[in-house]
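Data block for final10.txt (compact mmCIF, C-alpha atoms):
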# COMPACT_ATOMS: atom_id res chain seq x y z
CA MET F 242 71.23 108.81 63.33
CA ASN F 243 70.47 111.67 60.95
CA GLU F 244 69.15 109.65 58.00
CA LEU F 245 67.80 106.24 57.13
CA GLU F 246 68.12 104.67 53.71
CA LEU F 247 64.97 102.99 52.41
CA LYS F 248 64.63 100.13 49.96
CA TYR F 249 62.66 102.33 47.52
CA GLY F 250 60.04 105.10 47.45
CA CYS F 251 56.33 104.72 46.75
CA ASN F 252 57.10 102.15 44.06
CA PRO F 253 60.04 99.76 43.49
CA ASN F 254 61.33 101.80 40.55
CA GLN F 255 61.64 104.98 42.64
CA LYS F 256 65.22 104.89 43.85
CA PRO F 257 67.13 106.10 45.77
CA SER F 258 64.95 106.68 48.81
CA ARG F 259 65.58 107.86 52.35
CA ILE F 260 64.20 109.79 55.29
CA TYR F 261 66.45 112.37 56.92
CA MET F 262 66.53 115.51 59.06
CA GLU F 263 67.18 118.54 56.87
CA ASP F 264 68.62 120.54 59.78
CA GLY F 265 71.22 117.88 60.59
CA SER F 266 69.60 116.83 63.86
CA GLU F 267 68.94 113.25 64.93
CA LEU F 268 65.90 111.39 63.63
CA PRO F 269 63.29 111.11 66.42
CA ILE F 270 62.77 107.41 65.73
CA LYS F 271 64.52 104.09 66.16
CA VAL F 272 63.76 101.04 64.05
CA LEU F 273 63.72 98.20 66.57
CA ASN F 274 62.87 95.49 64.05
CA GLY F 275 62.25 95.03 60.34
CA ARG F 276 62.87 97.45 57.50
CA PRO F 277 60.02 99.95 57.16
CA GLY F 278 59.41 101.42 53.73
CA TYR F 279 58.52 104.85 52.39
CA ILE F 280 54.73 104.42 52.69
CA ASN F 281 55.17 102.70 56.06
CA PHE F 282 56.82 105.84 57.42
CA LEU F 283 54.17 108.10 55.91
CA ASP F 284 51.51 106.04 57.69
CA ALA F 285 53.55 105.87 60.89
CA PHE F 286 54.19 109.60 61.22
CA ASN F 287 50.62 110.61 60.34
CA GLY F 288 49.23 107.93 62.62
CA TRP F 289 51.47 108.97 65.50
CA GLN F 290 50.24 112.56 65.25
CA LEU F 291 46.63 111.37 65.24
CA VAL F 292 46.89 109.17 68.35
CA SER F 293 48.96 111.77 70.20
CA GLU F 294 46.23 114.33 69.64
CA LEU F 295 43.47 111.88 70.58
CA LYS F 296 45.27 111.11 73.85
CA LYS F 297 45.72 114.82 74.57
CA ALA F 298 42.08 115.66 73.79
CA THR F 299 40.44 112.75 75.65
CA GLY F 300 42.96 111.69 78.29
CA LEU F 301 42.59 108.10 77.09
CA PRO F 302 45.02 105.74 75.35
CA ALA F 303 44.47 105.85 71.60
CA ALA F 304 45.20 103.74 68.55
CA THR F 305 44.79 104.04 64.82
CA SER F 306 44.94 101.67 61.88
CA PHE F 307 46.41 103.35 58.77
CA LYS F 308 46.33 102.29 55.14
CA HIS F 309 47.75 104.36 52.28
CA VAL F 310 48.16 107.54 54.33
CA SER F 311 44.61 107.64 55.69
CA PRO F 312 43.14 106.07 58.82
CA ALA F 313 40.89 103.07 58.28
CA GLY F 314 39.94 103.41 61.94
CA ALA F 315 40.83 105.29 65.12
CA ALA F 316 39.68 104.87 68.70
CA VAL F 317 40.28 105.53 72.36
CA GLY F 318 40.69 102.87 75.02
CA LEU F 319 37.19 102.23 76.31
CA PRO F 320 36.15 98.74 77.48
CA LEU F 321 34.59 96.43 74.92
CA SER F 322 31.10 95.00 75.29
CA ASP F 323 30.72 91.26 74.75
CA THR F 324 29.17 91.96 71.35
CA LEU F 325 32.01 94.22 70.22
CA ALA F 326 34.58 91.69 71.44
CA LYS F 327 32.90 89.06 69.26
CA ILE F 328 32.66 91.39 66.23
CA TYR F 329 36.36 92.26 66.56
CA TRP F 330 37.42 88.59 67.02
CA VAL F 331 38.86 89.19 70.50
CA ASP F 332 36.21 87.46 72.62
CA ASP F 333 38.69 84.70 73.44
CA LEU F 334 41.25 87.07 74.97
CA GLY F 335 39.41 88.04 78.13
CA GLU F 336 39.52 91.60 79.47
CA LEU F 337 41.94 93.72 77.46
CA SER F 338 44.11 96.61 78.59
CA PRO F 339 42.84 100.08 77.60
CA LEU F 340 45.47 100.34 74.85
CA ALA F 341 44.60 96.92 73.45
CA SER F 342 40.92 97.87 73.53
CA ALA F 343 41.75 101.01 71.57
CA TYR F 344 43.48 98.98 68.86
CA ALA F 345 40.72 96.35 68.77
CA ARG F 346 38.26 99.18 68.13
CA ALA F 347 40.46 100.95 65.57
CA ARG F 348 41.05 97.71 63.67
CA GLY F 349 37.42 96.65 64.01
CA ALA F 350 36.00 99.90 62.66
CA ASP F 351 36.64 98.75 59.09
CA ARG F 352 38.37 95.40 59.10
CA MET F 353 38.33 95.14 55.31
CA SER F 354 40.33 98.36 54.91
CA SER F 355 42.59 97.59 57.89
CA PHE F 356 44.02 94.42 56.33
CA GLY F 357 47.79 94.95 56.17
CA ASP F 358 47.65 98.15 58.20
CA PHE F 359 50.30 100.25 59.89
CA ILE F 360 49.45 100.78 63.55
CA ALA F 361 50.09 103.81 65.74
CA LEU F 362 49.77 103.66 69.53
CA SER F 363 49.71 106.63 71.89
CA ASP F 364 51.19 104.71 74.84
CA VAL F 365 53.89 102.15 75.52
CA CYS F 366 52.84 98.92 73.84
CA ASP F 367 51.93 96.32 76.46
CA LYS F 368 51.58 92.54 76.29
CA ASP F 369 47.81 92.61 75.64
CA THR F 370 48.23 94.93 72.68
CA ALA F 371 51.16 92.96 71.29
CA MET F 372 49.20 89.69 71.54
CA LEU F 373 46.33 91.29 69.64
CA ILE F 374 48.63 92.72 66.94
CA LYS F 375 50.34 89.35 66.58
CA ARG F 376 47.05 87.81 65.43
CA GLU F 377 46.36 90.37 62.70
CA VAL F 378 47.78 90.89 59.21
CA SER F 379 49.75 94.09 59.66
CA ASP F 380 52.81 95.80 58.18
CA GLY F 381 54.12 97.45 61.33
CA VAL F 382 53.63 99.57 64.43
CA ILE F 383 54.89 102.85 65.88
CA ALA F 384 54.72 103.65 69.59
CA PRO F 385 56.65 105.66 72.19
CA GLY F 386 57.95 102.42 73.67
CA TYR F 387 57.42 98.69 74.18
CA THR F 388 57.55 96.53 77.23
CA GLU F 389 60.20 93.84 76.98
CA GLU F 390 57.53 91.15 76.72
CA ALA F 391 55.58 93.04 74.05
CA LEU F 392 58.69 93.58 71.95
CA GLU F 393 59.57 89.90 71.98
CA ILE F 394 56.02 88.98 70.92
CA LEU F 395 56.02 91.47 68.04
CA LYS F 396 59.44 90.38 66.81
CA GLN F 397 57.97 86.95 66.09
CA LYS F 398 55.61 88.36 63.41
CA LYS F 399 56.31 87.94 59.69
CA LYS F 400 59.08 85.44 60.38
CA GLY F 401 60.99 88.06 62.36
CA ALA F 402 60.61 90.84 59.77
CA TYR F 403 57.73 92.80 61.35
CA ASN F 404 58.36 96.56 61.34
CA ILE F 405 58.62 98.01 64.83
CA ILE F 406 59.35 101.72 65.27
CA GLN F 407 59.92 103.60 68.49
CA ILE F 408 59.35 107.37 68.42
CA ASP F 409 60.54 109.97 70.89
CA PRO F 410 57.30 111.37 72.37
CA SER F 411 59.03 114.65 73.24
CA TYR F 412 59.92 115.36 69.60
CA GLN F 413 58.60 118.70 68.32
CA PRO F 414 58.81 119.33 64.55
CA ALA F 415 59.77 122.71 63.11
CA PRO F 416 56.84 125.13 62.69
CA ILE F 417 57.42 125.30 58.92
CA GLU F 418 57.07 122.21 56.74
CA ARG F 419 58.06 121.66 53.12
CA LYS F 420 57.57 119.12 50.36
CA GLN F 421 58.47 118.94 46.69
CA VAL F 422 56.20 118.27 43.74
CA TYR F 423 57.65 118.19 40.22
CA GLY F 424 60.88 119.70 41.50
CA ILE F 425 59.04 122.65 43.04
CA THR F 426 59.17 123.19 46.80
CA PHE F 427 55.97 123.93 48.70
CA GLU F 428 56.18 125.54 52.13
CA GLN F 429 53.53 126.11 54.77
CA GLY F 430 53.08 126.47 58.49
CA ARG F 431 52.29 123.18 60.23
CA ASN F 432 48.67 122.62 61.12
CA GLU F 433 49.09 123.05 64.87
CA LEU F 434 45.36 123.55 65.41
CA THR F 435 44.21 122.39 68.85
CA ILE F 436 41.05 120.32 68.56
CA ASN F 437 38.87 119.94 71.64
CA ALA F 438 35.34 120.79 72.77
CA ASP F 439 36.36 124.29 73.84
CA THR F 440 37.84 125.17 70.45
CA MET F 441 35.42 123.34 68.15
CA LEU F 442 32.04 122.79 69.81
CA THR F 443 30.82 126.20 70.94
CA ASN F 444 28.87 127.49 67.93
CA TRP F 445 25.72 125.37 67.76
CA VAL F 446 23.69 126.70 64.81
CA THR F 447 20.66 124.40 64.87
CA GLU F 448 17.47 124.51 66.93
CA ASN F 449 18.61 121.41 68.80
CA LYS F 450 21.75 122.29 70.72
CA THR F 451 21.64 119.35 73.13
CA VAL F 452 24.46 116.81 72.89
CA THR F 453 25.82 114.44 75.51
CA GLU F 454 29.39 114.49 76.77
CA GLU F 455 29.92 111.20 74.97
CA GLN F 456 28.78 112.77 71.71
CA LYS F 457 31.13 115.70 72.24
CA ARG F 458 33.97 113.22 72.68
CA ASP F 459 32.95 111.38 69.52
CA LEU F 460 32.73 114.61 67.51
CA ILE F 461 36.25 115.50 68.60
CA ILE F 462 37.45 112.01 67.63
CA ALA F 463 35.93 112.61 64.20
CA LEU F 464 37.68 115.96 63.73
CA ILE F 465 41.09 114.72 64.86
CA THR F 466 40.74 111.73 62.55
CA LEU F 467 39.82 114.02 59.65
CA LYS F 468 42.88 116.18 60.31
CA TYR F 469 45.02 113.24 59.16
CA THR F 470 42.74 111.85 56.43
CA GLN F 471 43.22 112.57 52.73
CA SER F 472 40.65 115.15 51.62
CA ASN F 473 37.82 115.39 50.90
CA SER F 474 36.87 113.42 53.98
CA VAL F 475 33.92 112.66 56.24
CA CYS F 476 33.96 110.57 59.41
CA TYR F 477 31.19 108.81 61.38
CA THR F 478 31.88 108.00 65.03
CA ALA F 479 30.15 106.20 67.90
CA GLY F 480 31.14 104.89 71.31
CA GLY F 481 34.66 106.32 71.32
CA GLN F 482 35.73 105.22 67.86
CA THR F 483 35.33 105.82 64.15
CA ILE F 484 32.82 103.54 62.46
CA GLY F 485 33.14 104.87 58.91
CA VAL F 486 35.79 107.02 57.21
CA GLY F 487 35.27 108.31 53.69
CA ALA F 488 38.60 109.55 52.37
CA GLY F 489 39.99 111.14 49.23
CA GLN F 490 36.78 111.70 47.28
CA GLN F 491 36.43 114.71 44.98
CA SER F 492 32.74 115.10 45.87
CA ARG F 493 31.65 115.59 49.46
CA ILE F 494 28.40 113.70 49.03
CA HIS F 495 30.43 110.73 47.79
CA CYS F 496 32.49 110.95 51.00
CA THR F 497 29.30 111.00 53.05
CA ARG F 498 27.87 108.03 51.16
CA LEU F 499 31.09 106.01 51.31
CA ALA F 500 31.63 106.62 55.02
CA GLY F 501 27.92 106.09 55.67
CA GLN F 502 27.97 102.70 53.97
CA LYS F 503 30.96 101.69 56.08
CA ALA F 504 29.14 102.89 59.21
CA ASP F 505 26.06 100.90 58.21
CA ASN F 506 28.18 97.79 57.68
CA TRP F 507 29.66 98.25 61.15
CA GLN F 508 26.15 98.44 62.60
CA LEU F 509 24.92 95.41 60.66
CA ARG F 510 27.73 93.30 62.10
CA HIS F 511 25.85 93.56 65.42
CA MET F 512 22.87 91.62 64.03
CA ASP F 513 22.30 88.13 65.41
CA LYS F 514 22.31 86.63 61.92
CA VAL F 515 25.79 88.01 61.34
CA LEU F 516 27.15 87.28 64.80
CA ASN F 517 26.03 83.67 64.52
CA LEU F 518 27.21 82.86 61.01
CA PRO F 519 28.36 79.19 61.12
CA PHE F 520 31.95 79.56 59.94
CA ARG F 521 34.10 76.51 59.41
CA ASP F 522 36.95 76.24 61.91
CA ASP F 523 39.56 76.36 59.15
CA VAL F 524 38.38 79.74 57.78
CA ALA F 525 40.84 82.46 58.83
CA LYS F 526 39.76 85.85 60.17
CA PRO F 527 40.51 87.80 56.96
CA ASN F 528 38.38 85.33 54.99
CA ARG F 529 35.62 85.64 57.56
CA ASP F 530 35.78 89.43 57.27
CA ASN F 531 35.50 89.15 53.49
CA ALA F 532 32.58 86.75 53.78
CA ILE F 533 30.73 89.02 56.22
CA ASP F 534 31.29 92.01 53.96
CA VAL F 535 29.74 90.13 51.05
CA TYR F 536 26.95 88.63 53.18
CA ILE F 537 25.71 92.02 54.38
CA GLY F 538 26.18 93.57 50.94
CA ASP F 539 24.09 93.41 47.79
CA THR F 540 25.32 90.05 46.45
CA PRO F 541 25.18 87.58 49.38
CA GLU F 542 24.79 84.71 46.91
CA ASP F 543 28.52 85.04 46.25
CA VAL F 544 29.18 83.43 49.65
CA ILE F 545 25.92 81.66 50.56
CA GLY F 546 24.87 80.40 47.12
CA ASP F 547 24.16 76.70 46.66
CA ASP F 548 27.46 76.13 44.88
CA VAL F 549 29.76 78.10 47.21
CA TRP F 550 28.47 78.16 50.81
CA ALA F 551 30.32 74.99 51.87
CA GLU F 552 33.68 76.68 51.18
CA THR F 553 33.10 78.96 54.18
CA PHE F 554 30.28 77.65 56.37
CA THR F 555 29.30 74.41 58.09
CA GLU F 556 25.69 74.93 56.99
CA GLN F 557 24.06 77.21 54.43
CA PRO F 558 23.15 80.55 56.08
CA ALA F 559 19.80 82.16 55.45
CA PRO F 560 20.11 85.42 53.50
CA LEU F 561 20.03 88.78 55.26
CA THR F 562 17.22 90.51 53.43
CA ALA F 563 17.07 94.16 52.43
CA GLU F 564 13.99 94.53 54.62
CA GLU F 565 15.82 93.13 57.66
CA LYS F 566 18.75 95.47 57.11
CA LYS F 567 16.52 98.49 56.62
CA GLU F 568 14.52 97.73 59.76
CA TYR F 569 17.68 97.26 61.85
CA LEU F 570 19.33 100.44 60.60
CA SER F 571 16.14 102.45 61.15
CA LYS F 572 16.60 101.97 64.90
CA VAL F 573 20.21 103.22 64.99
CA ASN F 574 20.75 106.63 66.56
CA GLY F 575 23.31 108.65 68.50
CA VAL F 576 25.92 108.48 65.74
CA CYS F 577 28.19 111.52 65.27
CA LEU F 578 29.54 112.98 62.05
CA GLY F 579 32.43 115.27 61.20
CA SER F 580 33.43 116.84 57.89
CA ASP F 581 36.78 118.40 56.96
CA ALA F 582 35.04 121.19 55.00
CA PHE F 583 31.54 122.62 54.72
CA PHE F 584 28.57 120.65 53.44
CA PRO F 585 27.50 122.40 50.22
CA PHE F 586 24.01 120.88 50.10
CA GLY F 587 21.45 119.37 52.45
CA ASP F 588 21.75 116.00 50.68
CA ASN F 589 24.69 115.18 52.94
CA ILE F 590 22.43 115.55 55.98
CA GLU F 591 19.73 113.41 54.37
CA ARG F 592 22.29 110.63 53.84
CA ALA F 593 23.83 110.99 57.30
CA ARG F 594 20.44 110.83 58.95
CA ARG F 595 19.83 107.40 57.43
CA SER F 596 22.89 106.12 59.32
CA GLY F 597 21.55 107.31 62.68
CA VAL F 598 23.46 110.60 62.88
CA THR F 599 22.12 112.95 65.55
CA ALA F 600 25.11 115.30 66.02
CA ILE F 601 27.36 116.96 63.43
CA VAL F 602 30.40 119.22 63.40
CA GLN F 603 31.63 120.94 60.26
CA PRO F 604 33.34 124.26 59.41
CA GLY F 605 30.36 125.99 57.82
CA GLY F 606 30.87 128.75 55.28
CA SER F 607 28.78 127.51 52.34
CA ILE F 608 26.44 129.90 50.55
CA ARG F 609 23.82 127.23 51.30
CA ASP F 610 24.53 126.99 55.04
CA GLN F 611 20.92 127.82 55.84
CA GLN F 612 19.65 124.98 53.65
CA VAL F 613 21.96 122.59 55.49
CA ILE F 614 20.80 123.98 58.87
CA ASP F 615 17.15 123.67 57.82
CA THR F 616 17.70 120.04 56.86
CA CYS F 617 19.23 119.35 60.29
CA ASN F 618 16.29 121.09 61.96
CA LYS F 619 13.85 118.92 59.99
CA TYR F 620 15.29 115.84 61.71
CA GLY F 621 16.21 117.34 65.08
CA ILE F 622 19.94 116.95 64.44
CA ALA F 623 22.31 119.13 66.47
CA MET F 624 25.05 120.76 64.39
CA ALA F 625 28.02 122.93 65.34
CA PHE F 626 30.08 125.11 63.03
CA CYS F 627 33.71 124.86 64.07
CA GLY F 628 34.75 127.54 61.56
CA LEU F 629 38.03 125.86 60.57
CA ARG F 630 38.77 123.68 57.56
CA LEU F 631 40.84 120.52 57.97
CA PHE F 632 42.10 119.69 54.49
CA HIS F 633 45.00 117.24 54.40
CA HIS F 634 47.10 116.41 51.32
Output the file's structure in the form of structure tokens.
Amino acid sequence: MNELELKYGCNPNQKPSRIYMEDGSELPIKVLNGRPGYINFLDAFNGWQLVSELKKATGLPAATSFKHVSPAGAAVGLPLSDTLAKIYWVDDLGELSPLASAYARARGADRMSSFGDFIALSDVCDKDTAMLIKREVSDGVIAPGYTEEALEILKQKKKGAYNIIQIDPSYQPAPIERKQVYGITFEQGRNELTINADTMLTNWVTENKTVTEEQKRDLIIALITLKYTQSNSVCYTAGGQTIGVGAGQQSRIHCTRLAGQKADNWQLRHMDKVLNLPFRDDVAKPNRDNAIDVYIGDTPEDVIGDDVWAETFTEQPAPLTAEEKKEYLSKVNGVCLGSDAFFPFGDNIERARRSGVTAIVQPGGSIRDQQVIDTCNKYGIAMAFCGLRLFHH
């Protein structure tokens, strides 16, 4: 099959729409179920590249959760602690396969943003992963293959209309890529940059140059995630996964703040008060995610107020105070941070530090590099200049 007709483009009024191979070759994908749309395929192809590169860089199965052509989360397949399993709503599933663990982490990084995601998996989708996907609100999945059991499970989603795409893992795109804007064709070489510790983590510019192997892995996860995130972008990582992605902001400090707030929310979900919120049995996971997001935010009265708490909880929760949150977050450390372009001011480091960041990778190249380095040195943060920008549009 050389082309595939789509229902419409980005919006219902944008017709006709299709994906096709300009050189006349066969498309490297098969639609096994459903009818994926224009944005679905954009998410699928970007997500597939991301997880393929994560697998290559780490040797571990990888998964990502995409929304509107940026990853809400990405992760590799490390085992889940009991706390993480509870945070990600998978504590009833027992021990998960590495691939399922990767998706639980990717989805759990930012469950609010992952609602209705498009999933990419680096490995053949197994039963564990399919069972996990079946429970979530999702638009579709792309993977190099599916076990027979996994495929049957996934085909049951969305009343049989769930989008399931199989991609040929041996497919290699042409070295030159093109796109049109306003009838004008843009052409560039594909970003074939290899991201690993040997290519990105050799130029440590701060006084502290000590990072663990786990931090090196997490810095690489951040950079690969940023490679497929709409710029400007900043990514916080910990424990083999993203915990906060700030995408598509015109100001870098706004990226750092946005991603940092998401990272803080991820950390706060570990607190006993949050883990033990007394949800009613009839409250679905998306509603619980929404309630938690409000509870740990600045207006908890919207879900625990006298007139509304009974809609969600069996008893009225005590508020999570600003002092409690500040004290908990003050003890967080070991978080990693990547940026797709240089930090122009030290204020980005000041904000990152408040989210427990102790290791950073960024291209460098600002006229204020020394100010940024000095700010890292003030807090003992290790920072590497990778020397290469990762803009993505």
### Query
Neighbours of segment 342-348 of chain F within 8 Å (only C-alpha atoms; same-chain residues fewer than 3 positions away dropped), as a list in words?
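Listed by chain and then number, they are Pro302, Ala303, Ala304, Thr305, Ser306, Ala313, Gly314, Ala315, Ala316, Val317, Gly318, Leu319, Pro320, Leu321, Tyr329, Val331, Leu337, Ser338, Pro339, Asp351, Arg352, Ser355, Leu362, Thr370, Leu373, Gln482 and Thr483 of chain F.
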#### Entry: One-decimal distance in Å that lies between atom CA of Ala582 of chain F and atom CA of Glu433 of chain F
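Going from atom CA of Glu433 of chain F over to atom CA of Ala582 of chain F covers 17.3 Å.
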### Task
State, in Å with one decimal place, the distance from atom CA of Ile425 of chain F to atom CA of Glu263 of chain F.
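Going from atom CA of Ile425 of chain F over to atom CA of Glu263 of chain F covers 16.6 Å.
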### Message
List the spatial neighbours of Leu578 of chain F as an NGL selection string - criterion: any atom at most 6 Å away, all atoms listed in the file, same-chain residues fewer than 5 positions off excluded.
### Response
:F and (476-477 or 601)
Wanna dump the segment 431-546 of chain F-segment 402-418 of chain F contacts at 12 Å for me, each residue with its shortest atom pair and the distance in Å to one decimal, counting all atoms listed in the file, ordered by chain and number, as a Markdown table?
| residue | atom | partner | partner_atom | distance |
| --- | --- | --- | --- | --- |
| F:Arg431 | CA | F:Pro416 | CA | 5.5 |
| F:Asn432 | CA | F:Pro416 | CA | 8.7 |
| F:Glu433 | CA | F:Pro416 | CA | 8.3 |
| F:Leu434 | CA | F:Pro416 | CA | 11.9 |
